[in-house]
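Just below is one structure, and these are the notes that go with it.
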Amino acid sequence: MFQSVVQKGLIAATVVAMSLGTTATAQTKNLRMASLGQSSPTTVFSIAVSQILKKEHGYSTQLSTGSPATRQAVEAANQQLDLFVSAVSVNGFLRDGTRMYEKMPNAPELFGNLRSILNYPFGAYHAIVWDDSGITSLDEIAGRKVFIGPPSGAARATIGQIITGVTGYEAGTDFEAISVDWSSAEQAFQDRQIDVYFTAAPIPSAELQQLSALGKFRVLGIPDEKVESEAIQKAFNTPGREFTMLAPDAYSGLANDAPVRLVNTIVGLSTNRWLAEEDGYTITKAIFENRDDLIAAAQWMQVITPENALSQMNAPLHIGAYKYYREVGIEIPENLIPPEAR
């Protein structure tokens with residue numbers, strides 16, 4: 001199955017990093033880390049980072065997958081995670097006590113506990129259908145089974161905006177919104193139990209290239225005439241979002257014959273204010289000084305550099321990360337200076 005292929009890809013990413021050897025310190029430091037779905041770019045990144053930290057500094061990382069970024073932020077703010085997947089949009093919702101945090105009176109206080117390490121492109125939201133399904137546009141998903149992200153996740157809100165902006169359709173009224181986690185949705189799409197599978201993937205994506213082995217597929221995009229719709233502009237103008245184009249020759253199994261406009265999003269590796277300054281500095285430095293390991297795990301990670309790591313960041317840096325960026329000459333915006341450094 002495709003899922004097993006993806007799992008092998010993740011294992012391969014781990015093996016690449018592990019094969020470079022380990023240099024443990026005298027005292028092992030344990031880190032609790034989380035990423036999104038098993039085949040998510042965040043998991044490929046997290047595995048590569050955990051192996052770098054083990055190789056260079058002997059850190060032992062316990063990585064869990066499948067939890068939405070909205071939950072990870074709260075868990076990190078409550079000292080239940082040391083490293084997690086942050087999202088620019090989720091940070092804004094938590095800071096302002098809006099969307100999924102509207103009924104959480106201490107949301108701004110929890111946001112105050114979070115600290116950033118680096119940002120990177122998470123990927124574009126692809127609406128994928130099998131080519132033989134007969135679906136060629138988002139207008140044709142009425143009455144279909146559609147996966148729009150895990151319940152209460154930030155992706156679900158963004159995908160909902162994309163669908164509404166293009167079609168006017170609402171989940172539960174015009175189509176059936178499938179409420180499962182990322183990994184279960186992936187498997188269900190492979191088994192053709194889901195008609196439309198939304199997933200976030202970098203361009204190019206090994207996941208989507210491997211999908212070609214199962215058959216030709218089509219990606220449904222945002223047509224030119226819908227770009228200015230209120231819902232699309234709302235999705236686009238949310239911090240951490242941008243448009244990107246998927247070329248028709250991006251994958252061997254891609255059935256599209258013209259470029260497709262997608263909404264891209266920015267995520268990050270973050271922590272909380274209790275992580276020791278030394279650890280924050282060590283983690284940040286190790287990642288950038290071992291970029292070859294990241295790129296060996298996945299080519300898309302070549303965009304992860306100190307120069308663009310603060311892109312659209314909207315939560316203060318960790319004091320250790322702040323120290324590293326200053327050391328290598330990166331200009332730090334005023335709003336990203338950690339309270340601990342003031």
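Residue numbering restarts at 1 in every chain; chains get A, B, ... in the order shown in the structure tokens, and ligands count up from 1 in that same order.
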
Neighbouring residues of Val74 (chain A) were defined as those with any atom within 12 Å, considering only C-alpha atoms; residues of the same chain fewer than 2 positions away were excluded. Please report them as an MDAnalysis selection string.
chainID A and resid 67:72 76:82 84:86 90:91 93:95 100:101 104 106:114 271:272

May I have the selected residues written with N, CA, C and O atoms, as a compact mmCIF listing (two decimals), in the first residue's frame?
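Written output follows (result28.txt):
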# COMPACT_ATOMS: atom_id res chain seq x y z
N SER A 67 -1.02 14.45 16.18
CA SER A 67 -1.74 15.47 16.94
C SER A 67 -1.80 16.76 16.14
O SER A 67 -0.79 17.20 15.58
N PRO A 68 -2.98 17.43 16.05
CA PRO A 68 -3.07 18.69 15.31
C PRO A 68 -2.25 19.79 15.97
O PRO A 68 -2.02 19.77 17.18
N ALA A 69 -1.81 20.74 15.17
CA ALA A 69 -0.98 21.84 15.68
C ALA A 69 -1.70 22.64 16.75
O ALA A 69 -1.06 23.17 17.66
N THR A 70 -3.01 22.74 16.67
CA THR A 70 -3.78 23.48 17.66
C THR A 70 -3.64 22.87 19.05
O THR A 70 -3.54 23.58 20.05
N ARG A 71 -3.60 21.55 19.11
CA ARG A 71 -3.44 20.86 20.39
C ARG A 71 -2.00 20.92 20.87
O ARG A 71 -1.73 21.10 22.07
N GLN A 72 -1.06 20.78 19.93
CA GLN A 72 0.35 20.81 20.31
C GLN A 72 0.72 22.13 20.98
O GLN A 72 1.50 22.14 21.94
N ALA A 76 2.37 22.28 24.65
CA ALA A 76 3.68 22.89 24.88
C ALA A 76 3.58 24.01 25.91
O ALA A 76 4.45 24.15 26.78
N ALA A 77 2.52 24.79 25.83
CA ALA A 77 2.32 25.90 26.78
C ALA A 77 2.07 25.40 28.19
O ALA A 77 2.29 26.13 29.16
N ASN A 78 1.65 24.14 28.30
CA ASN A 78 1.44 23.52 29.62
C ASN A 78 2.58 22.58 29.99
O ASN A 78 2.42 21.71 30.85
N GLN A 79 3.72 22.74 29.33
CA GLN A 79 4.96 21.99 29.61
C GLN A 79 4.82 20.50 29.36
O GLN A 79 5.53 19.70 29.96
N GLN A 80 3.94 20.11 28.45
CA GLN A 80 3.77 18.70 28.10
C GLN A 80 4.57 18.32 26.86
O GLN A 80 4.68 17.13 26.54
N LEU A 81 5.09 19.32 26.14
CA LEU A 81 5.95 19.08 24.98
C LEU A 81 7.13 20.04 25.04
O LEU A 81 6.99 21.17 25.48
N ASP A 82 8.29 19.55 24.58
CA ASP A 82 9.47 20.40 24.51
C ASP A 82 9.66 21.00 23.12
O ASP A 82 10.11 22.14 23.00
N PHE A 84 7.59 21.27 19.21
CA PHE A 84 6.31 20.99 18.56
C PHE A 84 6.19 21.74 17.25
O PHE A 84 6.99 22.62 16.94
N VAL A 85 5.16 21.39 16.48
CA VAL A 85 4.88 22.05 15.21
C VAL A 85 4.01 23.28 15.48
O VAL A 85 2.85 23.15 15.86
N SER A 86 4.59 24.43 15.29
CA SER A 86 3.81 25.67 15.43
C SER A 86 3.35 26.10 14.05
O SER A 86 3.91 25.73 13.04
N VAL A 90 -2.11 29.50 13.79
CA VAL A 90 -2.49 28.99 15.12
C VAL A 90 -1.98 29.92 16.21
O VAL A 90 -2.69 30.21 17.19
N ASN A 91 -0.75 30.41 16.05
CA ASN A 91 -0.21 31.37 17.04
C ASN A 91 -1.13 32.58 17.17
O ASN A 91 -1.40 33.05 18.28
N PHE A 93 -4.36 32.77 16.48
CA PHE A 93 -5.63 32.40 17.11
C PHE A 93 -5.47 32.26 18.62
O PHE A 93 -6.33 32.71 19.39
N LEU A 94 -4.37 31.64 19.06
CA LEU A 94 -4.13 31.44 20.49
C LEU A 94 -3.87 32.78 21.18
O LEU A 94 -4.41 33.06 22.25
N ARG A 95 -3.06 33.61 20.55
CA ARG A 95 -2.74 34.93 21.10
C ARG A 95 -3.99 35.79 21.30
O ARG A 95 -4.15 36.46 22.32
N MET A 100 -10.72 28.32 17.34
CA MET A 100 -10.85 27.15 18.21
C MET A 100 -10.50 27.44 19.67
O MET A 100 -10.78 26.63 20.55
N TYR A 101 -9.92 28.62 19.94
CA TYR A 101 -9.57 28.98 21.32
C TYR A 101 -10.53 30.01 21.92
O TYR A 101 -10.27 30.57 22.99
N MET A 104 -11.53 29.48 25.46
CA MET A 104 -10.41 29.22 26.35
C MET A 104 -9.93 30.56 26.91
O MET A 104 -9.11 31.24 26.30
N ASN A 106 -7.86 31.50 29.08
CA ASN A 106 -6.43 31.68 29.35
C ASN A 106 -5.58 31.54 28.09
O ASN A 106 -4.36 31.39 28.17
N ALA A 107 -6.22 31.60 26.92
CA ALA A 107 -5.48 31.42 25.66
C ALA A 107 -4.32 32.41 25.52
O ALA A 107 -3.19 32.01 25.22
N PRO A 108 -4.53 33.72 25.74
CA PRO A 108 -3.40 34.65 25.62
C PRO A 108 -2.26 34.34 26.59
O PRO A 108 -1.08 34.50 26.26
N GLU A 109 -2.61 33.88 27.78
CA GLU A 109 -1.59 33.51 28.77
C GLU A 109 -0.79 32.30 28.27
O GLU A 109 0.44 32.26 28.41
N LEU A 110 -1.48 31.33 27.67
CA LEU A 110 -0.78 30.16 27.12
C LEU A 110 0.15 30.57 25.98
O LEU A 110 1.28 30.09 25.89
N PHE A 111 -0.33 31.48 25.13
CA PHE A 111 0.52 31.96 24.05
C PHE A 111 1.80 32.58 24.61
O PHE A 111 2.88 32.43 24.02
N GLY A 112 1.69 33.26 25.72
CA GLY A 112 2.85 33.89 26.34
C GLY A 112 3.90 32.90 26.81
O GLY A 112 5.04 33.30 27.08
N ASN A 113 3.54 31.62 26.87
CA ASN A 113 4.50 30.59 27.28
C ASN A 113 5.27 30.00 26.10
O ASN A 113 6.20 29.22 26.30
N LEU A 114 4.88 30.34 24.88
CA LEU A 114 5.49 29.72 23.69
C LEU A 114 6.68 30.53 23.18
O LEU A 114 6.70 31.75 23.29
N THR A 271 9.06 25.80 20.85
CA THR A 271 9.23 25.20 22.17
C THR A 271 8.46 26.07 23.18
O THR A 271 7.55 26.79 22.79
N ASN A 272 8.82 25.98 24.43
CA ASN A 272 8.19 26.84 25.44
C ASN A 272 9.28 27.59 26.22
O ASN A 272 10.47 27.35 26.04

Using DSSP on the backbone coordinates, identify all residues within region 43-240 of chain A classified as strand (DSSP E or B); present the result as a ChimeraX atom specification.
/A:60-64,83-87,114-130,145-147,171,175-178,196-201,217-220

task: Give me the residues within 8 Å of region 59-61 of chain A as a list in words, counting only C-alpha atoms and dropping any in the same chain fewer than 6 places off.
output: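 In the requested format, the answer is Ala24, Thr28, Lys29, Asn30, Leu31, Arg32, Met33, Ser50 and Leu53 of chain A.
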
Go ahead and write the residues just picked, C-alpha atoms, as a PDB file, in the first residue's frame.
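Result file follows (selection_34.pdb):
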ATOM      1  CA  ALA A  24      26.661  11.281  22.825  1.00  0.00           C
ATOM      2  CA  THR A  28      21.521  12.182  27.897  1.00  0.00           C
ATOM      3  CA  LYS A  29      18.851  14.858  27.641  1.00  0.00           C
ATOM      4  CA  ASN A  30      15.344  13.711  26.864  1.00  0.00           C
ATOM      5  CA  LEU A  31      13.038  15.766  24.652  1.00  0.00           C
ATOM      6  CA  ARG A  32       9.317  15.295  24.053  1.00  0.00           C
ATOM      7  CA  MET A  33       8.569  16.182  20.438  1.00  0.00           C
ATOM      8  CA  SER A  50      15.898  14.280  16.183  1.00  0.00           C
ATOM      9  CA  LEU A  53      20.424  16.113  17.862  1.00  0.00           C
TER      10      LEU A  53
END

Ala255 (chain A) proximity check over A:Phe236, A:Phe217, A:Trp182, A:Tyr120, using only C-alpha atoms: winner is A:Phe217

With distances taken over only C-alpha atoms, the candidate from A:Phe175, A:Tyr281, A:Trp130, A:Phe288 nearest Leu317 (chain A) is A:Tyr281

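Shortest separation to Gln62 (chain A) among A:Thr244, A:Ala34, A:Ala87, A:Pro316 occurs at residue A:Ala34, atoms counted being only C-alpha atoms.
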
For region 219-226 of chain A: contacts at 12 Å, only C-alpha atoms, fewer than 5 positions along chain excluded, given as a PyMOL selection string: chain A and resi 124-131+134-141+159+161-168+196-201+208+231-233+235-236+243-248+250-251+253-264

Writing out the chosen residues with C-alpha atoms as an mmCIF file, in the first residue's frame:
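Generated output (selection04.cif):
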data_model
loop_
_atom_site.group_PDB
_atom_site.id
_atom_site.type_symbol
_atom_site.label_atom_id
_atom_site.label_comp_id
_atom_site.auth_asym_id
_atom_site.auth_seq_id
_atom_site.Cartn_x
_atom_site.Cartn_y
_atom_site.Cartn_z
ATOM 1 C CA ALA A 124 0.489 23.741 -0.189
ATOM 2 C CA TYR A 125 -3.034 22.480 0.391
ATOM 3 C CA HIS A 126 -3.675 19.979 -2.414
ATOM 4 C CA ALA A 127 -7.221 18.759 -3.130
ATOM 5 C CA ILE A 128 -6.519 15.350 -4.664
ATOM 6 C CA VAL A 129 -8.893 13.074 -6.583
ATOM 7 C CA TRP A 130 -8.284 9.972 -8.649
ATOM 8 C CA ASP A 131 -8.360 10.845 -12.316
ATOM 9 C CA GLY A 134 -14.579 12.110 -13.104
ATOM 10 C CA ILE A 135 -14.069 15.072 -10.736
ATOM 11 C CA THR A 136 -12.193 17.875 -12.488
ATOM 12 C CA SER A 137 -12.959 20.930 -10.309
ATOM 13 C CA LEU A 138 -13.948 21.814 -6.764
ATOM 14 C CA ASP A 139 -17.427 22.684 -8.060
ATOM 15 C CA GLU A 140 -17.955 18.960 -8.598
ATOM 16 C CA ILE A 141 -17.417 17.792 -5.009
ATOM 17 C CA ILE A 159 -9.485 24.179 3.698
ATOM 18 C CA GLN A 161 -12.280 28.735 3.409
ATOM 19 C CA ILE A 162 -10.807 27.452 0.136
ATOM 20 C CA ILE A 163 -13.850 25.298 -0.622
ATOM 21 C CA THR A 164 -16.321 28.040 0.294
ATOM 22 C CA GLY A 165 -14.390 30.653 -1.655
ATOM 23 C CA VAL A 166 -14.368 28.577 -4.835
ATOM 24 C CA THR A 167 -17.766 26.869 -4.624
ATOM 25 C CA GLY A 168 -19.887 28.419 -1.880
ATOM 26 C CA VAL A 196 -11.473 14.062 -2.238
ATOM 27 C CA TYR A 197 -8.337 14.065 -0.084
ATOM 28 C CA PHE A 198 -6.951 17.399 1.075
ATOM 29 C CA THR A 199 -3.373 17.249 2.276
ATOM 30 C CA ALA A 200 -0.573 19.746 2.790
ATOM 31 C CA ALA A 201 2.569 18.842 0.895
ATOM 32 C CA LEU A 208 2.646 12.655 -4.145
ATOM 33 C CA ALA A 231 -13.301 33.525 1.563
ATOM 34 C CA ILE A 232 -10.202 32.975 -0.616
ATOM 35 C CA GLN A 233 -8.822 36.370 0.345
ATOM 36 C CA ALA A 235 -7.516 32.290 3.643
ATOM 37 C CA PHE A 236 -4.746 34.043 1.715
ATOM 38 C CA PHE A 243 -0.293 31.433 -3.163
ATOM 39 C CA THR A 244 1.872 28.986 -5.072
ATOM 40 C CA MET A 245 1.521 27.219 -8.431
ATOM 41 C CA LEU A 246 1.716 23.477 -9.084
ATOM 42 C CA ALA A 247 3.143 22.743 -12.540
ATOM 43 C CA PRO A 248 1.421 20.048 -14.650
ATOM 44 C CA ALA A 250 5.381 18.130 -11.191
ATOM 45 C CA TYR A 251 4.587 14.396 -10.873
ATOM 46 C CA GLY A 253 1.032 10.552 -12.326
ATOM 47 C CA LEU A 254 -0.448 14.063 -12.360
ATOM 48 C CA ALA A 255 -3.352 14.332 -14.803
ATOM 49 C CA ASN A 256 -3.559 18.148 -14.869
ATOM 50 C CA ASP A 257 -2.656 19.790 -18.171
ATOM 51 C CA ALA A 258 -2.254 23.343 -16.816
ATOM 52 C CA PRO A 259 -0.751 24.973 -13.681
ATOM 53 C CA VAL A 260 -2.891 24.836 -10.534
ATOM 54 C CA ARG A 261 -3.084 27.626 -7.956
ATOM 55 C CA LEU A 262 -2.834 26.442 -4.328
ATOM 56 C CA VAL A 263 -2.637 28.060 -0.898
ATOM 57 C CA ASN A 264 0.734 27.507 0.754
#

*Could you jot down the CA of Met313 (chain A) to CA of Gly37 (chain A) separation for me, Å, one decimal place?*
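It comes out at 22.5 Å.
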
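Of the listed residues (A:Glu207, A:Glu230, A:Asp174, A:Glu277), A:Glu207 comes nearest to Val44 (chain A); the distances count only C-alpha atoms.
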
Notebook entry, point to check: Between A:Thr265, A:Thr238, A:Arg273, A:Ala309, which has the minimum distance to Gly92 (chain A) (counting only C-alpha atoms)?
Noted result: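 Nearest to Gly92 (chain A): A:Thr238.
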